[in-house]
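**Student:** Data file input-v7.csv (CSV, C-alpha atoms) is appended below.
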```csv
chain,number,residue,atom,x,y,z
A,2,MET,CA,0.0,0.0,0.0
A,3,THR,CA,1.5,3.4,-0.9
A,4,LEU,CA,1.6,6.2,1.6
A,5,TRP,CA,-1.0,8.2,-0.3
A,6,VAL,CA,-3.5,5.3,-0.4
A,7,GLY,CA,-2.9,4.8,3.3
A,8,VAL,CA,-3.5,8.5,4.1
A,9,LEU,CA,-6.8,8.5,2.2
A,10,LEU,CA,-8.0,5.1,3.4
A,11,ALA,CA,-7.3,5.9,7.0
A,12,SER,CA,-9.0,9.2,6.7
A,13,ALA,CA,-12.1,7.6,5.2
A,14,LEU,CA,-12.1,4.9,8.0
A,15,VAL,CA,-11.9,7.4,10.8
A,16,TYR,CA,-14.7,9.5,9.2
A,17,SER,CA,-16.8,6.4,8.9
A,18,TRP,CA,-17.0,6.1,12.7
A,19,LYS,CA,-18.0,9.7,13.0
A,20,LEU,CA,-20.7,9.4,10.4
A,21,LEU,CA,-22.0,6.0,11.7
A,22,GLY,CA,-22.9,7.5,15.1
A,23,HIS,CA,-24.9,10.2,13.4
A,24,LEU,CA,-26.7,7.7,11.1
A,25,ILE,CA,-28.0,5.4,13.8
A,26,PRO,CA,-31.8,5.7,13.8
A,27,GLU,CA,-33.3,8.4,16.0
A,28,ARG,CA,-35.5,6.1,18.0
A,29,PHE,CA,-32.5,4.0,19.0
A,30,VAL,CA,-30.4,7.0,20.2
A,31,ARG,CA,-33.4,8.6,21.9
A,32,ASN,CA,-33.8,5.5,24.1
A,33,PRO,CA,-33.1,6.8,27.7
A,34,SER,CA,-30.7,3.9,28.6
A,35,ILE,CA,-28.7,4.4,25.4
A,36,ARG,CA,-28.6,8.2,26.1
A,37,SER,CA,-27.4,7.4,29.5
A,38,LEU,CA,-24.6,5.0,28.2
A,39,ALA,CA,-23.5,7.7,25.7
A,40,ALA,CA,-23.2,10.2,28.5
A,41,LEU,CA,-21.2,7.8,30.7
A,42,LEU,CA,-18.9,6.9,27.8
A,43,THR,CA,-18.2,10.6,27.1
A,44,VAL,CA,-17.3,11.3,30.7
A,45,ALA,CA,-15.2,8.2,31.1
A,46,MET,CA,-13.2,8.8,27.9
A,47,LEU,CA,-12.6,12.5,28.6
A,48,ALA,CA,-11.6,11.7,32.2
A,49,GLY,CA,-9.3,9.0,30.8
A,50,LEU,CA,-7.7,11.6,28.5
A,51,VAL,CA,-7.2,13.9,31.5
A,52,GLY,CA,-5.3,11.0,33.3
A,53,ILE,CA,-3.2,10.2,30.2
A,54,GLN,CA,-2.4,13.9,29.4
A,55,THR,CA,-1.4,14.6,33.1
A,56,PHE,CA,0.4,11.5,34.3
A,57,VAL,CA,1.8,9.7,31.3
A,58,SER,CA,4.9,10.6,29.4
A,59,ALA,CA,7.2,8.7,27.0
A,60,GLU,CA,9.0,7.3,30.1
A,61,GLY,CA,5.8,5.9,31.6
A,62,ILE,CA,3.7,7.1,34.5
A,63,THR,CA,5.3,10.3,35.9
A,64,LEU,CA,4.4,12.9,38.4
A,65,ASP,CA,5.6,16.2,37.0
A,66,ALA,CA,4.7,19.9,36.4
A,67,ARG,CA,1.5,18.8,34.6
A,68,ALA,CA,0.1,17.2,37.8
A,69,ALA,CA,0.7,20.5,39.7
A,70,ALA,CA,-1.0,22.4,36.9
A,71,LEU,CA,-4.0,20.1,37.0
A,72,GLY,CA,-4.2,20.6,40.8
A,73,VAL,CA,-4.2,24.4,40.3
A,74,ALA,CA,-6.8,24.1,37.6
A,75,ALA,CA,-9.1,22.0,39.8
A,76,VAL,CA,-8.9,24.6,42.6
A,77,LEU,CA,-9.6,27.4,40.2
A,78,PHE,CA,-12.6,25.6,38.6
A,79,PHE,CA,-13.9,25.0,42.2
A,80,LEU,CA,-13.6,28.8,42.8
A,81,ARG,CA,-15.6,29.4,39.6
A,82,VAL,CA,-12.8,31.2,37.8
A,83,PRO,CA,-13.7,31.5,34.1
A,84,PHE,CA,-12.6,28.6,31.9
A,85,ILE,CA,-10.1,30.4,29.7
A,86,PHE,CA,-8.2,31.9,32.6
A,87,VAL,CA,-8.0,28.5,34.3
A,88,VAL,CA,-6.5,27.0,31.1
A,89,ILE,CA,-4.0,29.9,30.8
A,90,ALA,CA,-3.1,29.5,34.5
A,91,ALA,CA,-2.5,25.8,34.1
A,92,ALA,CA,-0.2,26.4,31.2
A,93,ALA,CA,1.7,29.1,33.1
A,94,VAL,CA,2.1,26.9,36.2
A,95,ALA,CA,3.6,24.0,34.1
A,96,SER,CA,5.8,26.3,32.1
A,97,LEU,CA,7.2,28.2,35.1
A,98,LEU,CA,7.8,25.0,37.1
A,99,ARG,CA,9.8,23.5,34.2
A,100,MET,CA,11.8,26.7,34.0
A,101,TRP,CA,12.7,26.6,37.7
A,102,LEU,CA,13.1,22.9,38.3
B,262,MET,CA,-16.6,25.6,36.1
B,263,PRO,CA,-17.9,27.0,32.9
B,264,SER,CA,-20.8,28.8,34.6
B,265,GLU,CA,-23.9,30.0,32.7
B,266,ALA,CA,-22.4,33.5,32.7
B,267,GLN,CA,-19.4,32.5,30.6
B,268,SER,CA,-20.1,32.8,27.0
B,269,VAL,CA,-20.0,29.7,24.8
B,270,LYS,CA,-18.1,31.7,22.3
B,271,ALA,CA,-15.2,32.4,24.7
B,272,ILE,CA,-15.0,28.8,25.7
B,273,SER,CA,-15.1,27.6,22.1
B,274,PHE,CA,-12.5,30.0,20.9
B,275,GLY,CA,-10.2,29.2,23.9
B,276,VAL,CA,-10.5,25.4,23.3
B,277,GLY,CA,-10.1,25.8,19.6
B,278,PHE,CA,-6.9,27.9,19.9
B,279,ALA,CA,-5.3,25.8,22.6
B,280,THR,CA,-6.0,22.6,20.7
B,281,GLY,CA,-4.9,24.1,17.4
B,282,LEU,CA,-1.5,24.9,18.8
B,283,TYR,CA,-0.9,21.1,18.9
B,284,GLY,CA,-1.2,21.2,15.2
B,285,ILE,CA,2.3,22.6,15.1
B,286,SER,CA,3.7,19.4,16.8
B,287,PHE,CA,1.6,17.3,14.5
B,288,GLY,CA,2.8,19.1,11.3
B,289,ALA,CA,6.4,18.9,12.4
B,290,LEU,CA,6.2,15.2,13.5
B,291,SER,CA,4.4,14.2,10.3
B,292,VAL,CA,7.1,15.7,8.0
B,293,ALA,CA,9.8,14.2,10.2
B,294,ALA,CA,8.1,10.8,9.9
B,295,GLY,CA,8.4,11.0,6.1
B,296,LEU,CA,5.0,12.3,4.9
B,297,ASP,CA,5.1,15.2,2.5
B,298,PHE,CA,3.4,18.5,3.1
B,299,TRP,CA,0.2,17.6,1.3
B,300,GLN,CA,-0.1,14.2,2.9
B,301,THR,CA,0.2,15.9,6.3
B,302,MET,CA,-2.5,18.5,5.3
B,303,VAL,CA,-4.9,15.8,4.0
B,304,LEU,CA,-4.6,14.1,7.4
B,305,SER,CA,-5.5,17.3,9.2
B,306,LEU,CA,-8.3,18.2,6.8
B,307,LEU,CA,-9.9,14.8,6.2
B,308,MET,CA,-9.0,12.6,9.1
B,309,PHE,CA,-9.3,15.5,11.5
B,310,SER,CA,-8.9,13.6,14.8
B,311,GLY,CA,-5.7,14.3,16.7
B,312,GLY,CA,-5.3,10.9,18.4
B,313,SER,CA,-5.7,9.0,15.1
B,314,GLN,CA,-3.4,11.4,13.2
B,315,PHE,CA,-0.6,11.2,15.8
B,316,ALA,CA,-0.9,7.4,15.8
B,317,PHE,CA,-0.8,7.2,12.0
B,318,VAL,CA,2.5,9.2,11.7
B,319,GLY,CA,3.9,7.6,14.8
B,320,VAL,CA,3.6,4.1,13.3
B,321,ILE,CA,5.0,5.4,9.9
B,322,ALA,CA,7.9,6.9,11.8
B,323,THR,CA,8.8,3.5,13.4
B,324,GLY,CA,9.0,2.0,9.9
B,325,ALA,CA,6.3,-0.6,10.6
B,326,GLY,CA,4.6,0.2,7.3
B,327,VAL,CA,1.4,1.7,6.0
B,328,VAL,CA,-1.1,-1.1,6.9
B,329,PRO,CA,-0.4,-1.0,10.7
B,330,ALA,CA,-0.6,2.8,10.5
B,331,VAL,CA,-4.1,2.7,8.9
B,332,LEU,CA,-5.3,0.1,11.4
B,333,SER,CA,-4.1,2.2,14.4
B,334,ALA,CA,-5.7,5.3,13.1
B,335,TRP,CA,-9.0,3.5,12.5
B,336,LEU,CA,-9.1,1.8,15.9
B,337,LEU,CA,-8.4,5.1,17.7
B,338,GLY,CA,-11.2,6.8,15.8
B,339,VAL,CA,-13.9,4.6,17.5
B,340,ARG,CA,-14.5,7.1,20.3
B,341,ASN,CA,-15.7,9.7,17.9
B,342,GLY,CA,-18.5,7.2,17.0
B,343,PHE,CA,-19.5,7.1,20.7
B,344,TYR,CA,-19.5,10.9,20.8
B,345,ALA,CA,-21.7,11.0,17.7
B,346,ILE,CA,-24.3,8.8,19.4
B,347,ARG,CA,-24.4,11.3,22.2
B,348,LEU,CA,-24.5,14.3,19.8
B,349,ALA,CA,-27.0,12.9,17.3
B,350,PRO,CA,-30.2,13.6,19.3
B,351,VAL,CA,-28.8,16.9,20.6
B,352,MET,CA,-27.9,18.2,17.2
B,353,SER,CA,-30.7,16.7,15.1
B,354,LEU,CA,-28.7,17.3,11.9
B,355,SER,CA,-30.2,16.9,8.5
B,356,GLY,CA,-29.2,17.3,4.9
B,357,ILE,CA,-25.7,18.5,4.2
B,358,LEU,CA,-25.3,19.4,7.9
B,359,LYS,CA,-25.1,15.8,8.9
B,360,PRO,CA,-21.9,14.9,7.0
B,361,LEU,CA,-20.4,18.2,7.9
B,362,GLY,CA,-21.3,17.8,11.6
B,363,ALA,CA,-19.9,14.3,11.5
B,364,GLN,CA,-16.5,15.6,10.4
B,365,LEU,CA,-16.5,18.0,13.4
B,366,THR,CA,-17.4,15.3,15.9
B,367,ILE,CA,-14.2,15.2,18.0
B,368,ASP,CA,-13.3,15.2,21.7
B,369,GLU,CA,-13.4,19.0,22.0
B,370,SER,CA,-16.6,19.8,20.2
B,371,ASN,CA,-18.5,17.0,22.1
B,372,ALA,CA,-16.9,18.1,25.5
B,373,VAL,CA,-17.9,21.8,25.1
B,374,SER,CA,-21.4,20.7,24.1
B,375,LEU,CA,-21.6,18.4,27.1
B,376,SER,CA,-20.5,21.2,29.4
B,377,GLN,CA,-23.6,23.3,28.3
B,378,GLU,CA,-26.1,20.6,29.3
B,379,PRO,CA,-29.1,20.8,29.7
B,380,ASP,CA,-29.5,24.0,27.5
B,381,LEU,CA,-30.1,22.6,24.0
B,382,ALA,CA,-29.4,25.8,22.1
B,383,LYS,CA,-26.0,26.3,23.9
B,384,GLN,CA,-25.1,22.7,23.4
B,385,ARG,CA,-25.6,23.1,19.7
B,386,GLN,CA,-23.7,26.4,19.6
B,387,GLY,CA,-20.9,24.9,21.6
B,388,PHE,CA,-20.6,22.0,19.2
B,389,TRP,CA,-20.4,24.1,16.0
B,390,LEU,CA,-18.3,27.0,17.3
B,391,THR,CA,-15.7,24.6,18.9
B,392,GLY,CA,-15.7,22.2,16.0
B,393,ILE,CA,-15.1,25.1,13.5
B,394,ALA,CA,-12.5,26.9,15.7
B,395,VAL,CA,-10.5,23.7,16.2
B,396,PHE,CA,-10.8,22.9,12.5
B,397,ILE,CA,-9.4,26.3,11.4
B,398,PHE,CA,-6.6,26.5,14.0
B,399,TRP,CA,-5.6,22.9,13.7
B,400,ASN,CA,-5.2,23.1,9.9
B,401,LEU,CA,-3.5,26.5,9.9
B,402,LEU,CA,-1.0,25.4,12.5
B,403,THR,CA,-0.5,21.9,11.0
B,404,ALA,CA,0.6,23.8,7.8
B,405,ALA,CA,2.9,26.0,9.9
B,406,GLY,CA,4.4,23.0,11.7
B,407,ALA,CA,4.9,21.1,8.4
B,408,LEU,CA,6.6,24.0,6.7
B,409,LEU,CA,8.8,25.2,9.6
B,410,GLY,CA,9.5,21.8,11.2
B,411,SER,CA,10.9,21.8,14.7
B,412,ALA,CA,12.2,25.4,14.4
B,413,ILE,CA,9.0,26.6,16.2
B,414,GLY,CA,9.9,24.9,19.4
B,415,ASN,CA,8.2,22.4,21.7
B,416,PRO,CA,4.6,23.1,22.8
B,417,ALA,CA,5.5,21.6,26.2
B,418,ASP,CA,7.9,24.6,26.9
B,419,TRP,CA,4.8,26.8,26.9
B,420,GLY,CA,2.9,24.4,29.2
B,421,LEU,CA,0.5,23.5,26.5
B,422,ASP,CA,0.5,19.8,27.4
B,423,ALA,CA,-0.8,20.8,30.9
B,424,ALA,CA,-3.3,23.2,29.3
B,425,ALA,CA,-4.9,20.3,27.4
B,426,GLY,CA,-5.5,18.3,30.6
B,427,ALA,CA,-6.9,21.3,32.4
B,428,ALA,CA,-9.2,22.1,29.5
B,429,PHE,CA,-10.8,18.6,29.5
B,430,LEU,CA,-11.1,18.7,33.2
B,431,GLY,CA,-13.0,22.0,33.0
B,432,LEU,CA,-15.3,20.6,30.3
B,433,ILE,CA,-16.4,17.7,32.4
B,434,TRP,CA,-16.4,19.7,35.6
B,435,PRO,CA,-20.1,20.6,35.6
B,436,ARG,CA,-21.0,16.9,35.4
B,437,LEU,CA,-18.8,16.0,38.3
B,438,LYS,CA,-21.4,17.5,40.8
B,439,GLU,CA,-23.2,14.2,40.2
B,440,SER,CA,-21.5,11.8,42.6
B,441,LYS,CA,-21.9,8.8,40.3
B,442,LEU,CA,-20.1,10.7,37.4
B,443,LEU,CA,-17.4,11.9,39.8
B,444,VAL,CA,-16.6,8.3,40.8
B,445,LEU,CA,-16.7,7.2,37.1
B,446,ALA,CA,-14.3,10.0,36.1
B,447,VAL,CA,-11.8,9.2,38.9
B,448,VAL,CA,-11.9,5.5,38.2
B,449,SER,CA,-11.6,6.1,34.4
B,450,ALA,CA,-8.6,8.5,34.8
B,451,PHE,CA,-6.8,5.9,37.1
B,452,THR,CA,-7.7,3.0,34.7
B,453,ALA,CA,-6.3,4.8,31.7
B,454,THR,CA,-3.2,6.0,33.5
B,455,LEU,CA,-2.4,2.5,34.8
B,456,LEU,CA,-3.1,0.7,31.5
B,457,SER,CA,-0.8,3.1,29.7
B,458,SER,CA,2.2,0.9,31.0
B,459,PHE,CA,0.8,-2.2,29.3
B,460,VAL,CA,-0.9,-1.3,26.1
B,461,PRO,CA,0.0,1.0,23.1
B,462,ALA,CA,-0.7,4.7,23.2
B,463,GLY,CA,-4.4,5.5,22.5
B,464,ILE,CA,-5.8,2.2,23.6
B,465,PRO,CA,-6.1,3.0,27.4
B,466,VAL,CA,-8.7,5.8,26.6
B,467,LEU,CA,-10.7,3.3,24.5
B,468,LEU,CA,-10.6,0.8,27.4
B,469,THR,CA,-12.3,3.3,29.7
B,470,ALA,CA,-15.4,2.5,27.7
B,471,GLY,CA,-15.4,-0.7,29.6
B,472,VAL,CA,-15.5,1.2,32.9
B,473,ALA,CA,-18.5,3.2,31.5
B,474,VAL,CA,-20.3,0.0,30.5
B,475,ILE,CA,-19.8,-1.5,34.0
B,476,PHE,CA,-21.4,1.7,35.5
B,477,TRP,CA,-24.2,1.5,33.0
B,478,ILE,CA,-25.0,-2.1,33.8
B,479,ILE,CA,-25.0,-1.2,37.6
B,480,GLU,CA,-27.4,1.7,36.8
B,481,LEU,CA,-29.7,-0.6,34.7
B,482,LEU,CA,-29.7,-3.3,37.4
B,483,GLY,CA,-30.5,-0.6,40.0
B,484,LYS,CA,-33.5,0.6,38.0
B,485,SER,CA,-34.9,-2.9,37.3
B,486,LYS,CA,-35.3,-3.6,41.0
```
Can the structure from this file be put into structure tokens for me?

**Tutor:**
Amino acid sequence: MTLWVGVLLASALVYSWKLLGHLIPERFVRNPSIRSLAALLTVAMLAGLVGIQTFVSAEGITLDARAAALGVAAVLFFLRVPFIFVVIAAAAVASLLRMWL
Amino acid sequence: MPSEAQSVKAISFGVGFATGLYGISFGALSVAAGLDFWQTMVLSLLMFSGGSQFAFVGVIATGAGVVPAVLSAWLLGVRNGFYAIRLAPVMSLSGILKPLGAQLTIDESNAVSLSQEPDLAKQRQGFWLTGIAVFIFWNLLTAAGALLGSAIGNPADWGLDAAAGAAFLGLIWPRLKESKLLVLAVVSAFTATLLSSFVPAGIPVLLTAGVAVIFWIIELLGKSK
């Protein structure tokens, strides 16, 4: 398989997942227990991403500046600080810690 | 938390810009892996799913070949399908909007939409604005990364890797008031982190779907009593 064929085929395959979810009949996705599963899946996968993005590096599981930044972010979200300021604060904490340590 | 007072526009723009900056890394990595400029751009324009794109060029970079690269990208795209199932009844897309909306069904657009529950109009606005913002920034900065290579520097120096985690935390934050979802989130984050030592990148997040299914079954059993 040439690289170009691979690029196009993989793009089509990834798109097929996205489209498939939107093509499932309405009555099926409106079923309350299916709605509930979709919501649980979303929260679980996004939380999984937070875990991976915060505690995993190329070397394996690590506790570094990202964990401190996530802690600061959690406190700021708790204090109802606007979203964009929290994200900037988290980046600043990680960036400064790396500069100093 | 993204309170009602915070505009969906501001959140969408912030998420779009922060995510888009990763496009620089993707563009640079892709060219370094041996893809040319247009192959890199086609991935960002048509595949448009960060996890799958990084996996594709990552496998190519190891020299494992095109077929394993296609399979990894495909497998990692599954979660967008789950997001689409959540989004379909919220968005009620029809005609040309359905295939367009499908392309914008990614982590960020679904997460911003989720953070606006239960307001239907804001959930829809959050999906479109975030999807479009990420698409524009992601593609522009992929092009910048592919052209300039690693000369731009590492996004981690700016703390952008930490910003990504904080952003996703903020987007699920409103849901964590519900104790069941808080427990689910903590268990899922632990599960994905621990599994990362045993399975290839990208798979741990997919396996958290198993955690969600277990919670779902417990919920169904609780209701049937």

**Student:** Just want the 6 Å neighbourhood of Gly288 of chain B, counted on all atoms listed in the file, with same-chain residues fewer than 5 positions away dropped. Output as JSON, numbers by chain.

**Tutor:** {"B": [403, 406, 407]}

**Student:** Kindly give the distance, in Å, that separates atom CA of Gly275 of chain B and atom CA of Ser355 of chain B, rounded to a single decimal.

**Tutor:**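 These atoms are spaced 28.1 Å apart.
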
**Student:** Could you build a table of the residues in chain A lying no more than 6 Å from chain B, giving for each the nearest pair of atoms and their separation in Å rounded to one decimal place, using only C-alpha atoms, ordered by chain and ascending residue number, as a Markdown table?

**Tutor:**
```
| residue | atom | partner | partner_atom | distance |
| --- | --- | --- | --- | --- |
| A:Gly7 | CA | B:Val327 | CA | 5.9 |
| A:Ala11 | CA | B:Val331 | CA | 4.9 |
| A:Ser12 | CA | B:Met308 | CA | 4.2 |
| A:Leu14 | CA | B:Trp335 | CA | 5.6 |
| A:Val15 | CA | B:Gly338 | CA | 5.1 |
| A:Trp18 | CA | B:Gly342 | CA | 4.7 |
| A:Lys19 | CA | B:Gly342 | CA | 4.7 |
| A:Leu20 | CA | B:Ala363 | CA | 5.1 |
| A:Gly22 | CA | B:Ala345 | CA | 4.5 |
| A:His23 | CA | B:Ala349 | CA | 5.2 |
| A:Leu38 | CA | B:Trp477 | CA | 6.0 |
| A:Ala39 | CA | B:Arg347 | CA | 5.1 |
| A:Leu41 | CA | B:Ala473 | CA | 5.4 |
| A:Leu42 | CA | B:Ala473 | CA | 5.2 |
| A:Ala45 | CA | B:Ser449 | CA | 5.3 |
| A:Met46 | CA | B:Val466 | CA | 5.6 |
| A:Ala48 | CA | B:Ala446 | CA | 5.0 |
| A:Gly49 | CA | B:Ala450 | CA | 4.1 |
| A:Val51 | CA | B:Gly426 | CA | 4.8 |
| A:Gly52 | CA | B:Ala450 | CA | 4.4 |
| A:Ile53 | CA | B:Thr454 | CA | 5.3 |
| A:Gln54 | CA | B:Gly426 | CA | 5.5 |
| A:Arg67 | CA | B:Ala423 | CA | 4.8 |
| A:Leu71 | CA | B:Ala427 | CA | 5.6 |
| A:Ala74 | CA | B:Ala427 | CA | 5.9 |
| A:Phe78 | CA | B:Met262 | CA | 4.7 |
| A:Arg81 | CA | B:Met262 | CA | 5.3 |
| A:Phe84 | CA | B:Pro263 | CA | 5.6 |
| A:Ile85 | CA | B:Gly275 | CA | 5.9 |
| A:Val88 | CA | B:Ala424 | CA | 5.3 |
| A:Ala91 | CA | B:Ala424 | CA | 5.5 |
| A:Ala92 | CA | B:Gly420 | CA | 4.2 |
| A:Ala95 | CA | B:Gly420 | CA | 5.0 |
| A:Ser96 | CA | B:Gly420 | CA | 4.5 |
```

**Student:** Could you name the residues that touch segment 397-399 of chain B at 8 Å or less, counting all atoms listed in the file, but leaving out those on the same chain fewer than 5 positions away, as a list of chain:residue names?

**Tutor:**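 Contacts, with the query itself left out: B:Gly277, B:Phe278, B:Thr280, B:Gly281, B:Leu282, B:Tyr283, B:Gly284, B:Ser305.
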
**Student:** My list of candidates is A:Val30, A:Ala40, A:Val82, A:Leu102. Which is closest to Asp65 of chain A when distances are computed with all atoms listed in the file?

**Tutor:** A:Leu102

**Student:** Give me, please, the distance in Å between atom CA of Ala294 of chain B and atom CA of Phe56 of chain A, quoted to one decimal.

**Tutor:** 25.6 Å
